[in-house]
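**Q** Could you have a look at this structure, given as structure tokens, before my questions?
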Amino acid sequence: MADTLIKVDLSKPAPSNEMVHNRWHPDIPMACWVKPGDEFILETYDWTGGFIKNNDSADDVRDIDLSTVHYLSGPVGVKGAEPGDLLVVDLLDIGAKQDSLWGFNGFFSKKNGGGFLTDHFPQAQKSIWDFHGMFTSSRHVPGVQYAGLIHPGLIGCLPDKKMLDMWNEREVDFIATQPDRVPPLANPPFAATAHLGKLTGDAKAKVAAEGARTVPPREHGGNCDIKDLSRGSKIFFPVYVDGAGLSVGDLHFSQGDGEITFCGAIEMAGWVHMRVNLIKGGMAKYGIKNPIFKPSPITPTYNDYIIFEGISVDEQGKQHYLDVHVAYRQACLNAIEYLKKFGYSGAQAYSILGTAPVQGHISGVVDIPNACATLWLPTQIFDFDINPSAAGPVKHIDGSVQMPLSPDK
């Protein structure tokens, strides 16, 4: 049996746990140490540290302080790991904590984080998803059930000081180009809510002021939200500091490509069973500056899709040049409008696209001026037929069931 090296108590505040942290910095002490070849288990909080509750109000999604997230278990030091190596991580298994067999999906208020479709859904909303073994369903989004492709939204190794300084400089400079933008272009260091694991003493204030926020993916991995990086995957991480400093959190029971709802996927508390190894000098051997991975041999089998196209012409009819972001947004909006014809609200349809195992594809980036992106929606997750027919759509969903919504204060 693999030892559980990091445990979390969901009844206690996440900042009281010195085995977790919510910033990236090379001076954060290792929470524990392992050897190459070791197997071990890390328990994790949900990414908000338990702030979001299993209830029928979205006030918590509206009111959360996003400077506190993400709460990550680690860093785990790997003996013998040195800068330039590759840390090989096998995700042997992942699951939900037995005392927390549920998860949440939400849309942040535009005033507090926003999201991919924030102009269409500017207010905070939430859906709760219950776990039934490998399947999930929601009291707030009727008519769908699907198998989970459980994965960590966030996993990576500590940066060295040079990389940390590069991150902070480029992101702070980027914010300065539109300092009053809502939501902001990026999130700068913020010392007040930094939780730095076992770090104590005089160095704490300096690390808190410099520590990079965990919101974006970066060269080391981080918050990549890749649904196919699931149990059974093998990941190759660049190593930047002695010991590597592996951390993980933000577990998802299920997610659509793009995690388009931002408080996206079905967020949960859980555990990760993993094994680590090293490829000495692997970064130079393989020319790697970002992680690479091999996908899981286990995936939900959905083989019938309706595929929605989008092009790089925005909602106002403005032409963009080969812009995949705009094209994928249009594909998502087209899918939402389609699902509304069956009785879903726009919010329920949006929640489905953020949580179900939909596929997002870059389908064309050469035919000027329009990029083409596609969203693949599996038809088998629905309790009814959503395929187009001559008879037209039938409203199968009772419009009285809605997702909780909390107006801005």
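Within each chain, counting starts at residue 1; across the structure tokens, chains are named A, B, ... in the order shown, with ligands numbered 1 upward in that order.
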Under the rule of at most 6 Å, produce a per-residue listing of region 15-93 of chain A near region 273-283 of chain A: chain, number, name, the closest pair of atoms, and the distance in Å, as a Markdown table, using only C-alpha atoms.
**A**
```
| residue | atom | partner | partner_atom | distance |
| --- | --- | --- | --- | --- |
| A:Pro36 | CA | A:Asn277 | CA | 4.4 |
| A:Gly37 | CA | A:Asn277 | CA | 5.4 |
| A:Asp38 | CA | A:Arg275 | CA | 5.6 |
| A:Glu39 | CA | A:Arg275 | CA | 4.3 |
| A:Phe40 | CA | A:Met274 | CA | 5.7 |
| A:Ile41 | CA | A:His273 | CA | 4.4 |
| A:Gly84 | CA | A:Gly281 | CA | 5.1 |
| A:Asp85 | CA | A:Gly281 | CA | 4.4 |
| A:Leu86 | CA | A:Gly282 | CA | 4.9 |
| A:Leu87 | CA | A:Leu278 | CA | 4.9 |
| A:Val88 | CA | A:Asn277 | CA | 4.9 |
| A:Val89 | CA | A:Val276 | CA | 4.7 |
| A:Asp90 | CA | A:Arg275 | CA | 5.1 |
| A:Leu91 | CA | A:Met274 | CA | 4.7 |
| A:Leu92 | CA | A:Met274 | CA | 5.2 |
| A:Asp93 | CA | A:His273 | CA | 5.1 |
```
**Q** Please identify which residues in region 275-384 of chain A DSSP calls helix (DSSP H, G or I) from the backbone, and express them as a short mmCIF file (atom, residue, chain, number, x, y, z; two decimals) with N, CA and C atoms, in the first residue's frame.
**A**
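Heads up, here's the output in selection.cif:
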```cif
data_model
loop_
_atom_site.label_atom_id
_atom_site.label_comp_id
_atom_site.auth_asym_id
_atom_site.auth_seq_id
_atom_site.Cartn_x
_atom_site.Cartn_y
_atom_site.Cartn_z
N GLY A 282 17.22 15.48 -18.86
CA GLY A 282 16.18 15.23 -19.86
C GLY A 282 15.70 16.46 -20.62
N MET A 283 15.80 17.64 -20.01
CA MET A 283 15.34 18.84 -20.71
C MET A 283 16.16 19.07 -21.96
N ALA A 284 17.50 18.97 -21.85
CA ALA A 284 18.36 19.17 -23.02
C ALA A 284 18.27 18.00 -24.00
N LYS A 285 18.18 16.79 -23.49
CA LYS A 285 18.11 15.61 -24.35
C LYS A 285 16.94 15.67 -25.30
N TYR A 286 15.79 16.18 -24.82
CA TYR A 286 14.58 16.16 -25.62
C TYR A 286 14.10 17.55 -26.03
N VAL A 324 -8.26 31.94 -32.97
CA VAL A 324 -8.86 30.69 -32.51
C VAL A 324 -9.70 30.92 -31.25
N HIS A 325 -9.30 31.85 -30.40
CA HIS A 325 -10.08 32.16 -29.20
C HIS A 325 -11.49 32.61 -29.59
N VAL A 326 -11.59 33.52 -30.54
CA VAL A 326 -12.90 34.00 -31.00
C VAL A 326 -13.68 32.85 -31.65
N ALA A 327 -13.00 32.06 -32.46
CA ALA A 327 -13.68 30.97 -33.15
C ALA A 327 -14.25 29.94 -32.18
N TYR A 328 -13.48 29.59 -31.14
CA TYR A 328 -13.99 28.60 -30.18
C TYR A 328 -15.13 29.20 -29.36
N ARG A 329 -15.06 30.48 -29.05
CA ARG A 329 -16.18 31.11 -28.35
C ARG A 329 -17.44 31.02 -29.18
N GLN A 330 -17.33 31.24 -30.48
CA GLN A 330 -18.52 31.15 -31.34
C GLN A 330 -19.06 29.73 -31.40
N ALA A 331 -18.17 28.74 -31.43
CA ALA A 331 -18.63 27.35 -31.42
C ALA A 331 -19.40 27.05 -30.13
N CYS A 332 -18.89 27.54 -29.01
CA CYS A 332 -19.56 27.33 -27.73
C CYS A 332 -20.93 28.03 -27.70
N LEU A 333 -20.98 29.25 -28.16
CA LEU A 333 -22.25 29.98 -28.19
C LEU A 333 -23.26 29.31 -29.11
N ASN A 334 -22.79 28.76 -30.22
CA ASN A 334 -23.69 28.05 -31.12
C ASN A 334 -24.26 26.80 -30.44
N ALA A 335 -23.43 26.10 -29.67
CA ALA A 335 -23.90 24.92 -28.96
C ALA A 335 -24.91 25.29 -27.87
N ILE A 336 -24.66 26.39 -27.18
CA ILE A 336 -25.59 26.85 -26.14
C ILE A 336 -26.96 27.17 -26.74
N GLU A 337 -26.97 27.90 -27.85
CA GLU A 337 -28.25 28.23 -28.49
C GLU A 337 -29.00 26.97 -28.93
N TYR A 338 -28.27 25.99 -29.38
CA TYR A 338 -28.88 24.72 -29.80
C TYR A 338 -29.54 24.02 -28.61
N LEU A 339 -28.83 23.93 -27.48
CA LEU A 339 -29.36 23.22 -26.32
C LEU A 339 -30.55 23.96 -25.71
N LYS A 340 -30.61 25.26 -25.86
CA LYS A 340 -31.75 26.01 -25.35
C LYS A 340 -33.06 25.59 -26.01
N GLY A 346 -29.78 29.14 -20.79
CA GLY A 346 -28.44 29.37 -21.29
C GLY A 346 -27.39 28.96 -20.27
N ALA A 347 -27.66 29.23 -18.98
CA ALA A 347 -26.70 28.88 -17.93
C ALA A 347 -26.55 27.37 -17.81
N GLN A 348 -27.63 26.63 -17.88
CA GLN A 348 -27.54 25.17 -17.80
C GLN A 348 -26.75 24.61 -18.98
N ALA A 349 -27.00 25.13 -20.16
CA ALA A 349 -26.25 24.68 -21.34
C ALA A 349 -24.76 25.00 -21.19
N TYR A 350 -24.46 26.18 -20.70
CA TYR A 350 -23.07 26.58 -20.47
C TYR A 350 -22.40 25.65 -19.46
N SER A 351 -23.12 25.30 -18.40
CA SER A 351 -22.58 24.39 -17.39
C SER A 351 -22.29 23.02 -17.98
N ILE A 352 -23.15 22.54 -18.87
CA ILE A 352 -22.91 21.25 -19.52
C ILE A 352 -21.61 21.29 -20.32
N LEU A 353 -21.40 22.36 -21.08
CA LEU A 353 -20.20 22.46 -21.91
C LEU A 353 -18.94 22.56 -21.07
N GLY A 354 -19.04 23.13 -19.86
CA GLY A 354 -17.89 23.25 -19.00
C GLY A 354 -17.55 21.98 -18.25
N THR A 355 -18.54 21.09 -18.06
CA THR A 355 -18.34 19.93 -17.19
C THR A 355 -18.33 18.60 -17.92
N THR A 379 -23.59 12.98 -27.75
CA THR A 379 -25.05 12.87 -27.64
C THR A 379 -25.47 11.86 -26.58
N GLN A 380 -24.60 10.89 -26.26
CA GLN A 380 -25.01 9.81 -25.36
C GLN A 380 -25.11 10.23 -23.90
N ILE A 381 -24.68 11.44 -23.56
CA ILE A 381 -24.77 11.87 -22.17
C ILE A 381 -26.17 12.34 -21.81
#
```
**Q** Do you know which residues are at most 8 Å from Ala244 (chain A) counting only C-alpha atoms, after dropping those on the same chain fewer than 6 positions away, and could you put them as a list in words?
**A**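 Using only C-alpha atoms, the neighbours found are Val76, Gly77, Val78, Ala81, Glu82, Pro83, Leu87, Cys157 and Leu158 of chain A.
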**Q** Could you save those same residues with N, CA and C atoms as a PDB file, in the first residue's frame?
**A**
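What ended up in again.pdb:
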```
ATOM      1  N   VAL A  76       6.439  18.398  -3.037  1.00  0.00           N
ATOM      2  CA  VAL A  76       7.080  17.122  -2.749  1.00  0.00           C
ATOM      3  C   VAL A  76       8.477  17.159  -3.345  1.00  0.00           C
ATOM      4  N   GLY A  77       9.483  16.986  -2.494  1.00  0.00           N
ATOM      5  CA  GLY A  77      10.853  16.935  -2.967  1.00  0.00           C
ATOM      6  C   GLY A  77      11.218  15.532  -3.419  1.00  0.00           C
ATOM      7  N   VAL A  78      11.930  15.440  -4.532  1.00  0.00           N
ATOM      8  CA  VAL A  78      12.383  14.155  -5.067  1.00  0.00           C
ATOM      9  C   VAL A  78      13.896  14.116  -4.956  1.00  0.00           C
ATOM     10  N   ALA A  81      16.836  14.952  -7.756  1.00  0.00           N
ATOM     11  CA  ALA A  81      16.368  15.800  -8.861  1.00  0.00           C
ATOM     12  C   ALA A  81      17.171  17.090  -8.896  1.00  0.00           C
ATOM     13  N   GLU A  82      17.630  17.480 -10.101  1.00  0.00           N
ATOM     14  CA  GLU A  82      18.436  18.675 -10.285  1.00  0.00           C
ATOM     15  C   GLU A  82      17.911  19.473 -11.470  1.00  0.00           C
ATOM     16  N   PRO A  83      18.192  20.786 -11.500  1.00  0.00           N
ATOM     17  CA  PRO A  83      17.779  21.590 -12.653  1.00  0.00           C
ATOM     18  C   PRO A  83      18.271  20.967 -13.958  1.00  0.00           C
ATOM     19  N   LEU A  87      11.258  15.341 -14.469  1.00  0.00           N
ATOM     20  CA  LEU A  87      10.563  14.564 -13.451  1.00  0.00           C
ATOM     21  C   LEU A  87       9.431  13.802 -14.128  1.00  0.00           C
ATOM     22  N   CYS A 157       5.972  21.804 -11.052  1.00  0.00           N
ATOM     23  CA  CYS A 157       7.142  21.873 -10.179  1.00  0.00           C
ATOM     24  C   CYS A 157       7.492  23.337  -9.881  1.00  0.00           C
ATOM     25  N   LEU A 158       8.249  23.540  -8.815  1.00  0.00           N
ATOM     26  CA  LEU A 158       8.639  24.894  -8.423  1.00  0.00           C
ATOM     27  C   LEU A 158       9.527  25.550  -9.476  1.00  0.00           C
TER      28      LEU A 158
END
```
**Q** Apply DSSP to the structure's backbone, then extract all residues of region 142-183 of chain A labelled strand (DSSP E) and return them as a PyMOL selection string.
**A** chain A and resi 146-147+151-157
**Q** For the selection you just gave me, I'd like the residues written to a file as a PDB file, in the first residue's frame, keeping C-alpha atoms.
**A**
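So result_37.pdb came out as:
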```
ATOM      1  CA  TYR A 146     -21.776  11.114 -17.703  1.00  0.00           C
ATOM      2  CA  ALA A 147     -18.728   9.177 -16.638  1.00  0.00           C
ATOM      3  CA  HIS A 151      -7.791  14.667 -13.466  1.00  0.00           C
ATOM      4  CA  PRO A 152      -5.779  17.350 -11.671  1.00  0.00           C
ATOM      5  CA  GLY A 153      -6.419  20.778 -13.133  1.00  0.00           C
ATOM      6  CA  LEU A 154      -3.174  21.985 -11.618  1.00  0.00           C
ATOM      7  CA  ILE A 155       0.134  20.137 -11.296  1.00  0.00           C
ATOM      8  CA  GLY A 156       3.712  21.326 -11.701  1.00  0.00           C
ATOM      9  CA  CYS A 157       7.142  21.873 -10.179  1.00  0.00           C
TER      10      CYS A 157
END
```
